[in-house]
Each structure stands twice: as C-alpha cells, then as structure tokens.
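Participant: Here you go, this is work08.txt (compact mmCIF, C-alpha atoms).
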# COMPACT_ATOMS: atom_id res chain seq x y z
CA MET A 1 27.25 -79.53 67.32
CA VAL A 2 24.81 -76.67 66.79
CA SER A 3 22.35 -75.91 69.61
CA VAL A 4 19.34 -73.60 69.33
CA THR A 5 16.57 -72.93 71.84
CA THR A 6 13.54 -70.68 72.14
CA ASP A 7 14.78 -69.57 75.56
CA GLY A 8 15.37 -65.85 75.37
CA ILE A 9 12.79 -65.39 72.60
CA PRO A 10 9.69 -63.43 73.71
CA PRO A 11 6.77 -65.88 74.12
CA ARG A 12 4.68 -64.18 71.41
CA GLU A 13 7.49 -64.58 68.88
CA ARG A 14 8.41 -68.18 69.61
CA ALA A 15 6.00 -69.85 67.17
CA GLU A 16 7.32 -67.77 64.27
CA PHE A 17 10.93 -68.33 65.40
CA TRP A 18 10.46 -72.11 65.63
CA ALA A 19 8.61 -72.27 62.31
CA ASP A 20 11.44 -70.40 60.58
CA LEU A 21 14.06 -72.69 62.13
CA VAL A 22 12.31 -75.91 61.12
CA SER A 23 11.40 -74.57 57.68
CA ARG A 24 14.99 -73.64 56.88
CA HIS A 25 16.63 -76.82 58.12
CA VAL A 26 14.00 -79.54 57.51
CA THR A 27 10.86 -78.61 55.57
CA PRO A 28 8.38 -75.70 55.61
CA MET A 29 6.05 -75.90 58.62
CA LEU A 30 3.30 -73.83 60.17
CA ILE A 31 3.76 -73.69 63.94
CA GLU A 32 0.96 -72.76 66.33
CA PRO A 33 1.05 -72.57 70.14
CA ALA A 34 -0.92 -75.41 71.77
CA GLY A 35 -2.27 -75.89 75.29
CA LYS A 36 -1.69 -73.85 78.39
CA LEU A 37 2.08 -74.21 78.55
CA ALA A 38 4.24 -71.62 76.82
CA LEU A 39 5.71 -72.87 73.56
CA HIS A 40 9.24 -74.17 74.04
CA GLY A 41 11.62 -75.79 71.59
CA GLU A 42 15.22 -76.93 71.69
CA ILE A 43 17.38 -78.56 69.03
CA GLN A 44 20.90 -80.01 69.00
CA ALA A 45 22.03 -80.81 65.48
CA ARG A 46 25.11 -82.24 63.81
CA LEU A 47 26.19 -83.69 60.46
CA ILE A 48 27.24 -87.34 60.23
CA GLY A 49 28.63 -88.32 56.86
CA GLY A 50 26.59 -85.61 55.15
CA LEU A 51 23.31 -86.55 56.87
CA GLY A 52 21.64 -84.13 59.26
CA VAL A 53 20.83 -85.65 62.65
CA ALA A 54 19.16 -83.73 65.46
CA ARG A 55 17.84 -84.25 68.95
CA VAL A 56 14.71 -82.12 69.24
CA SER A 57 12.52 -81.47 72.27
CA GLY A 58 9.77 -79.10 73.28
CA ARG A 59 6.20 -78.55 74.44
CA GLY A 60 3.19 -76.43 73.56
CA VAL A 61 3.57 -77.02 69.81
CA HIS A 62 1.03 -77.78 67.07
CA ALA A 63 2.93 -78.30 63.80
CA LEU A 64 1.23 -78.44 60.38
CA HIS A 65 2.57 -79.30 56.94
CA THR A 66 -0.23 -78.38 54.53
CA GLY A 67 -0.55 -77.80 50.82
CA ALA A 68 0.79 -74.28 51.29
CA GLN A 69 3.97 -75.59 52.93
CA ILE A 70 4.38 -78.32 50.29
CA ALA A 71 4.28 -75.64 47.58
CA ARG A 72 7.03 -73.70 49.36
CA ALA A 73 9.43 -76.65 49.64
CA ARG A 74 12.55 -76.26 47.48
CA GLY A 75 13.51 -79.93 47.78
CA HIS A 76 11.68 -82.86 49.29
CA VAL A 77 12.92 -84.89 52.23
CA TYR A 78 11.94 -87.67 54.55
CA ALA A 79 12.32 -87.13 58.28
CA ALA A 80 12.78 -90.41 60.14
CA CYS A 81 12.11 -89.80 63.81
CA VAL A 82 12.56 -91.85 66.97
CA HIS A 83 10.08 -90.93 69.71
CA LEU A 84 12.34 -90.96 72.76
CA GLU A 85 9.93 -89.83 75.46
CA GLY A 86 6.90 -87.72 76.27
CA GLU A 87 3.57 -87.35 74.47
CA ALA A 88 3.15 -86.84 70.73
CA ARG A 89 0.61 -87.60 68.05
CA ILE A 90 0.96 -87.70 64.27
CA THR A 91 -2.00 -87.34 61.90
CA ARG A 92 -1.75 -88.42 58.28
CA ARG A 93 -4.59 -89.15 55.80
CA GLY A 94 -7.09 -88.31 58.52
CA GLU A 95 -5.75 -90.97 60.88
CA GLY A 96 -4.19 -89.95 64.18
CA ILE A 97 -1.68 -92.17 66.00
CA ALA A 98 -0.48 -91.58 69.55
CA LEU A 99 3.24 -92.32 69.62
CA GLN A 100 4.79 -94.67 72.13
CA ARG A 101 8.32 -94.58 73.44
CA GLY A 102 10.64 -96.19 70.91
CA ASP A 103 8.32 -95.73 67.93
CA ILE A 104 9.88 -94.71 64.64
CA PHE A 105 7.74 -92.51 62.41
CA LEU A 106 8.31 -91.01 58.98
CA THR A 107 7.17 -87.74 57.51
CA ASP A 108 7.36 -86.91 53.80
CA SER A 109 7.51 -83.27 52.72
CA ARG A 110 5.45 -84.13 49.60
CA HIS A 111 2.41 -85.02 51.73
CA GLU A 112 0.35 -83.27 54.38
CA PHE A 113 0.69 -84.18 58.05
CA THR A 114 0.27 -82.64 61.48
CA LEU A 115 2.10 -83.20 64.76
CA ASP A 116 0.39 -82.53 68.08
CA LEU A 117 3.14 -81.82 70.58
CA GLU A 118 1.30 -80.04 73.36
CA ARG A 119 3.02 -81.80 76.26
CA SER A 120 6.75 -82.33 76.74
CA TRP A 121 8.37 -84.60 74.15
CA ARG A 122 11.79 -85.51 72.77
CA HIS A 123 12.73 -86.94 69.36
CA LEU A 124 15.86 -88.02 67.52
CA VAL A 125 15.51 -87.08 63.87
CA ILE A 126 17.41 -87.76 60.67
CA THR A 127 16.57 -86.03 57.38
CA LEU A 128 17.40 -87.44 53.96
CA PRO A 129 16.35 -86.80 50.36
CA THR A 130 13.25 -88.73 49.30
CA GLY A 131 15.15 -90.32 46.41
CA SER A 132 17.49 -92.10 48.83
CA LEU A 133 14.61 -94.33 49.98
CA ASP A 134 12.03 -94.30 47.17
CA SER A 135 14.16 -96.37 44.82
CA ARG A 136 15.02 -98.93 47.50
CA VAL A 137 11.68 -100.02 48.91
CA ALA A 138 8.92 -102.01 47.25
CA ARG A 139 6.12 -99.57 48.09
CA PRO A 140 7.36 -96.02 48.64
CA GLU A 141 3.79 -94.70 48.60
CA LEU A 142 3.31 -96.26 52.05
CA LEU A 143 6.22 -94.46 53.70
CA SER A 144 4.57 -91.12 54.46
CA GLY A 145 3.20 -91.15 57.99
CA ALA A 146 4.37 -94.70 58.65
CA VAL A 147 4.76 -95.63 62.32
CA LEU A 148 7.02 -98.61 63.07
CA ARG A 149 6.51 -100.31 66.43
CA ASN A 150 7.73 -103.51 68.10
CA HIS A 151 10.00 -104.52 65.24
CA PRO A 152 13.44 -105.89 66.22
CA LEU A 153 15.09 -104.11 63.32
CA ALA A 154 13.47 -100.83 64.43
CA ARG A 155 15.05 -101.18 67.86
CA LEU A 156 18.42 -101.87 66.27
CA TRP A 157 18.13 -98.88 63.93
CA ALA A 158 17.12 -96.52 66.74
CA SER A 159 20.03 -97.72 68.88
CA HIS A 160 22.42 -97.33 65.94
CA LEU A 161 21.21 -93.77 65.32
CA ALA A 162 21.51 -92.79 69.00
CA THR A 163 25.05 -94.18 69.22
CA GLY A 164 26.10 -92.37 66.06
CA PHE A 165 24.68 -89.09 67.33
CA ALA A 166 26.55 -89.47 70.63
CA LEU A 167 29.88 -90.38 69.01
CA ALA A 168 29.73 -88.20 65.88
CA GLY A 169 32.38 -85.81 67.13
CA GLU A 170 34.86 -88.67 67.54
CA LEU A 171 34.40 -90.27 64.11
CA SER A 172 36.80 -89.78 61.24
CA SER A 173 35.29 -88.57 57.97
CA THR A 174 35.65 -92.08 56.53
CA ALA A 175 33.95 -93.68 59.53
CA ALA A 176 31.18 -91.05 59.49
CA SER A 177 30.47 -91.71 55.80
CA MET A 178 30.39 -95.45 56.42
CA PHE A 179 28.03 -94.95 59.35
CA ALA A 180 25.69 -92.81 57.26
CA ARG A 181 25.56 -95.42 54.48
CA HIS A 182 24.80 -98.20 56.96
CA LEU A 183 22.12 -96.07 58.60
CA VAL A 184 20.28 -95.43 55.33
CA ASP A 185 20.70 -99.05 54.19
CA LEU A 186 19.32 -100.32 57.48
CA LEU A 187 16.38 -97.90 57.37
CA ALA A 188 15.50 -99.02 53.83
CA GLN A 189 15.65 -102.64 54.95
CA LEU A 190 13.42 -101.89 57.95
CA LEU A 191 10.82 -100.07 55.86
CA ASP A 192 10.78 -102.74 53.19
CA GLU A 193 10.35 -105.53 55.73
CA SER A 194 7.64 -103.72 57.64
CA HIS A 195 5.49 -103.42 54.50
CA ARG A 196 6.22 -106.82 52.98
CA GLY A 197 6.16 -108.85 56.18
CA GLN A 198 9.44 -110.47 55.15
CA VAL A 199 12.66 -110.86 57.10
CA THR A 200 15.65 -111.08 54.80
CA PRO A 201 18.76 -109.83 56.60
CA SER A 202 20.80 -107.50 54.42
CA ASP A 203 24.47 -106.61 54.50
CA ALA A 204 23.45 -103.38 56.24
CA TRP A 205 21.57 -105.30 58.91
CA ARG A 206 24.53 -107.59 59.55
CA ALA A 207 26.90 -104.61 59.66
CA ALA A 208 24.66 -102.84 62.17
CA VAL A 209 24.45 -105.94 64.37
CA PHE A 210 28.23 -106.28 64.29
CA LEU A 211 28.80 -102.62 65.16
CA ARG A 212 26.25 -102.71 67.97
CA ALA A 213 27.85 -105.86 69.42
CA CYS A 214 31.25 -104.18 69.30
CA GLU A 215 29.80 -101.21 71.18
CA VAL A 216 28.42 -103.50 73.89
CA ILE A 217 31.79 -105.25 74.20
CA ALA A 218 33.59 -101.90 74.44
CA LEU A 219 31.29 -100.93 77.31
CA LYS A 220 31.31 -104.23 79.20
CA PHE A 221 34.77 -105.70 78.55
CA GLY A 222 35.59 -105.31 82.26
CA ASP A 223 32.96 -107.87 83.26
CA PRO A 224 34.81 -111.19 83.65
CA ASP A 225 31.52 -113.06 83.21
CA LEU A 226 30.61 -111.45 79.87
CA THR A 227 29.35 -114.13 77.47
CA PRO A 228 28.09 -114.26 73.87
CA ASP A 229 24.59 -114.99 75.20
CA GLN A 230 24.61 -111.78 77.24
CA ILE A 231 25.81 -109.72 74.29
CA ALA A 232 23.17 -111.22 72.00
CA LEU A 233 20.45 -110.53 74.57
CA GLU A 234 21.62 -106.93 74.90
CA ILE A 235 21.16 -106.21 71.18
CA GLY A 236 18.07 -108.36 70.64
CA VAL A 237 19.31 -111.18 68.42
CA SER A 238 19.90 -114.88 68.99
CA SER A 239 23.32 -116.18 70.03
CA ARG A 240 23.50 -118.23 66.85
CA THR A 241 22.74 -115.20 64.67
CA LEU A 242 25.38 -113.15 66.46
CA ALA A 243 27.96 -115.91 66.00
CA ARG A 244 27.20 -116.02 62.25
CA VAL A 245 27.57 -112.23 61.99
CA PHE A 246 31.00 -112.36 63.63
CA ALA A 247 32.03 -115.32 61.48
CA ALA A 248 31.18 -113.26 58.39
CA ASN A 249 33.76 -110.75 59.69
CA ASP A 250 36.35 -113.52 60.21
CA GLU A 251 36.02 -113.23 63.98
CA THR A 252 34.52 -115.01 66.94
CA ILE A 253 32.65 -113.16 69.67
CA MET A 254 35.00 -114.12 72.49
CA ARG A 255 38.11 -113.40 70.44
CA HIS A 256 36.79 -109.89 69.97
CA VAL A 257 36.08 -109.65 73.71
CA PHE A 258 39.65 -110.67 74.57
CA ASP A 259 41.08 -108.37 71.90
CA GLU A 260 39.18 -105.48 73.47
CA ARG A 261 40.40 -106.45 76.95
CA VAL A 262 44.01 -106.56 75.76
CA ARG A 263 43.63 -103.25 73.94
CA GLN A 264 42.29 -101.56 77.05
CA ALA A 265 44.95 -103.17 79.25
CA ALA A 266 47.70 -101.96 76.89
CA ARG A 267 46.27 -98.46 77.07
CA LEU A 268 46.25 -98.49 80.88
CA LEU A 269 49.74 -99.96 81.12
CA ALA A 270 51.07 -97.16 78.91
CA ALA A 271 49.16 -94.35 80.64
CA PRO A 272 51.23 -92.23 83.07
CA GLU A 273 48.18 -91.77 85.30
CA SER A 274 48.03 -95.55 85.79
CA ALA A 275 51.69 -95.93 86.77
CA HIS A 276 50.72 -96.61 90.40
CA ARG A 277 48.52 -99.56 89.45
CA SER A 278 49.95 -103.07 89.41
CA VAL A 279 49.76 -105.36 86.39
CA THR A 280 47.42 -107.61 88.38
CA ASP A 281 45.08 -104.70 89.18
CA ILE A 282 44.93 -103.68 85.52
CA ALA A 283 44.33 -107.26 84.40
CA PHE A 284 41.37 -107.62 86.76
CA ALA A 285 39.99 -104.21 85.77
CA CYS A 286 39.99 -105.33 82.14
CA GLY A 287 37.96 -108.48 82.73
CA PHE A 288 40.67 -111.09 83.33
CA ASN A 289 40.39 -113.17 86.48
CA ASP A 290 43.71 -114.99 86.15
CA VAL A 291 47.03 -113.15 85.83
CA SER A 292 48.81 -116.02 84.08
CA HIS A 293 46.03 -116.25 81.50
CA PHE A 294 46.21 -112.47 81.03
CA GLY A 295 49.96 -112.68 80.41
CA ARG A 296 49.59 -115.38 77.76
CA ILE A 297 46.75 -113.62 75.93
CA PHE A 298 48.55 -110.26 76.09
CA ALA A 299 51.84 -111.67 74.78
CA GLY A 300 50.05 -113.49 71.99
CA LYS A 301 48.37 -110.28 70.85
CA MET A 302 51.07 -107.67 71.53
CA GLY A 303 54.24 -109.76 71.07
CA THR A 304 55.57 -108.87 74.51
CA THR A 305 54.70 -109.33 78.17
CA PRO A 306 52.57 -106.75 80.05
CA SER A 307 55.56 -105.69 82.15
CA GLN A 308 57.80 -105.23 79.11
CA TRP A 309 55.05 -103.26 77.36
CA ARG A 310 54.83 -100.95 80.39
CA ARG A 311 58.61 -100.38 80.49
CA ARG A 312 58.75 -99.58 76.77
CA SER A 313 55.91 -97.08 77.12
CA HIS A 314 57.52 -95.02 79.88
Could you express the structure from this file as structure tokens?
Facilitator:
Amino acid sequence: MVSVTTDGIPPRERAEFWADLVSRHVTPMLIEPAGKLALHGEIQARLIGGLGVARVSGRGVHALHTGAQIARARGHVYAACVHLEGEARITRRGEGIALQRGDIFLTDSRHEFTLDLERSWRHLVITLPTGSLDSRVARPELLSGAVLRNHPLARLWASHLATGFALAGELSSTAASMFARHLVDLLAQLLDESHRGQVTPSDAWRAAVFLRACEVIALKFGDPDLTPDQIALEIGVSSRTLARVFAANDETIMRHVFDERVRQAARLLAAPESAHRSVTDIAFACGFNDVSHFGRIFAGKMGTTPSQWRRRSH
C-alpha cells in the first residue's frame, strides 16, 4: 500500500502538492483552499487486479475539473467513489448535490465537475478507463456526475469494494484479478439498473452476493445460533435469494457454515499455540454446541476424528 499525506508540506504549498498528486494518479484537477481550516489531504492507495483503489480523506479543499483540465488529460477515466463520512458536495451541469453517507458518485474526466470538500470527509475511490463501462451500459451519457443512493445493489457494491481494499494484500494474483472483474461487472450492472429502473440480477451480482455471504460466515462462524436468515439480513437480500445463489454454486448455506466451522477447528487443533485447549473447548469456540455432533461432522469432512487430526499435526 502507498500512503501520501500533506502533513509536512508547508500550508501555502499544499494545494499545488495535492493538485499534482491527484492529476498524476487520477485526472488533472485544479485545487484551491476552501474555508477557514488549513487544507489537508491523505491518500492510501493499492492495486487490486490492475485497478487502482484508494481511501482518500481531507478538509479545506475545493476541487475543479474544467475545460483546461480536460484538455490536459492524457487518457480518460471514471472515478467511482463511495462517500464514507463527512461533508461533501458535487456539482455537475450546474446542479449541486450534497452527498450522504453511503452514496456512490461518479466523475468522468471528459466532463466538467467540481467537488466542495471544505469540511472533513472520507471517500473510497476506484478509477477505471471510460471504455470499461461505456460499452456495457444502456446510456453512458448519464454516468458523469451520477449519484446513486438507497439502492440495494449500491450497498452491496460498496461493501464489496471496502472488503477488497482491506484484504488486497492477502489475495493471490488470480483472486485479485477475479475480484477486479466482479467489481467492474457489478458496477456496470448497478449503473444500468439505476438508469433503466430494471432489476435483472447478473452473474456478477450473484457472485458478489455469494462472496459477501462467505465473508459474513467467515466472521460469524463461532456463533452457534447463526442462521441463513441472519446472513441474508446482514447482506441485504432475501433468504430465498441467498439460498438460490448458493444452490447455483452447488452448495447450501448451512453446509458452507459447517465447512467453515470444521476448517477453523482443524486450524486450531493443528496450531501449537492451541495445544492447551481441549477438543471440547475448540468445538464450542467454532460454533458447535454438541461435541458428538462436532466429531461426526469433522470426521465426515476431514476423514479422521478431531483427536487423531491433532495427534497427526504435532
């Protein structure tokens, strides 16, 4: 991960420093100080499957992309941004929109826009070539300056992006490329639906739902009361939809839950730092509330009993 901040830059030079940074890595921008607070900016950026993703925050910033900046652009990009917190306003075609937490907004380097970022704010941003979306949506002319709010697919996409950013350092190159493809596919689906008013789940949408459900299970496997209804509620889909998504992957929700519990139990049983813990303790920690049931499930998955697995691992 690459981290850059205006800390340490003399206040009078910060606007020029920030403008140069954004212009080189996203698109040419004119940056002006705004408000009474000293301009501050911070960026943490990383590549995921060839796509640039960054968490950006700051204050005291008025950012403009005018005809002069458009003329300077060497290649055109979309920036799809999730407004995580704070106050921000985007103006496009003379219309200003105050952003709310969770909003997704798009900027297009081929068109003028301004961002008023006077007070503290934080965004998660992905940049991608304009061609990667233009050919995949019904009305690409509507994308510039679009603000997506209160759409279930928008919440799913934002969550998917945040998870990918957090886990990027742990992904293999193959997994990172797959994630990037799903992310772009899901964004195209979201943009197309938002402008057509249609809901037609795509393969990318189903893949994102499946991955998000797996993430929830990986976090909550230790809860013995975890149910498909709770998982569906967590990711914002119906239980029936979630069941269909898992069926398309030749799985059931609870089978995946038990597979995750067994996987985590096997890891703990093999770990030297867990040698002092009993099999019963590990079973309960992994979401089982009956040791006999744990033994049967574990043996069915691993081909051996928990105790034998532990002895072989040490």
Participant: Compile the contact shell of stretch 74-76 of chain A as number ranges by chain: residues with an atom at most 7 Å away, counting only C-alpha atoms, same-chain residues fewer than 6 positions apart removed.
Facilitator: A: 109-110, 129-130
Participant: Taking (16.7, -81.1, 57.2) in the coordinates of the supplied file, I want to know which residues reach to within 8 Å of it, counting all atoms listed in the file; could you give the answer as a PyMOL selection string?
Facilitator: chain A and resi 22+24-27+52+77+79+126-128
Participant: Would you mind reading off the distance between atom CA of A:Asp116 and atom CA of A:Ser3, one decimal, in Å?
Facilitator: 23.0 Å
Participant: Got a sec: who's within 10 Å of A:Gly164, counting all atoms listed in the file, leaving out chain neighbours fewer than 2 positions off, as a PyMOL selection string?
Facilitator: chain A and resi 48+53+158-162+166-171+176+179-180+183
Participant: For atom CA of A:Pro228 and atom CA of A:Leu211, quote the distance in Å rounded to one decimal.
Facilitator: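 Distance between the two atoms: 14.6 Å.
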Participant: List the spatial neighbours of stretch 205-209 of chain A as number ranges by chain - criterion: any atom at most 8 Å away, all atoms listed in the file, same-chain residues fewer than 6 positions off excluded.
Facilitator: A: 153, 156-157, 160, 182, 185-186, 189, 235, 242, 245
Participant: When distances are computed from all atoms listed in the file, which of A:Arg261, A:Arg72, A:Arg181, A:Arg139 shows the smallest separation from A:Asn289?
Facilitator: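 Counting all atoms listed in the file, the residue closest to A:Asn289 is A:Arg261.
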Participant: What would the list of residues within 9 Å of (10.4, -102.1, 63.0) (file frame) look like as a count of residues only, if all atoms listed in the file are what count?
Facilitator: 17
Participant: Name the residues in contact with A:Val279 at a cut-off of 10 Å, using only C-alpha atoms, excluding same-chain residues fewer than 3 positions from it; report them as a PyMOL selection string.
Facilitator: chain A and resi 265+268-269+274-276+282-285+291+294-295+306-307+310
Participant: With all atoms listed in the file as the basis for distance, which of A:Ile297, A:Gly49, A:Ala68, A:Gly145 is at the shortest distance from A:Arg89?
Facilitator: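 Ranked by minimum distance to A:Arg89, first place goes to A:Gly145.
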Participant: As an exercise, work out the distance from atom CA of A:Asp108 to atom CA of A:Arg14 in Å and give it to one decimal place.
Facilitator: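 Distance between the two atoms: 24.5 Å.
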Participant: Using only C-alpha atoms, which of the listed residues (A:Arg122, A:Gly96, A:Asp192, A:Ser292) sits closest to A:Val137?
Facilitator: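 Counting only C-alpha atoms, the residue closest to A:Val137 is A:Asp192.
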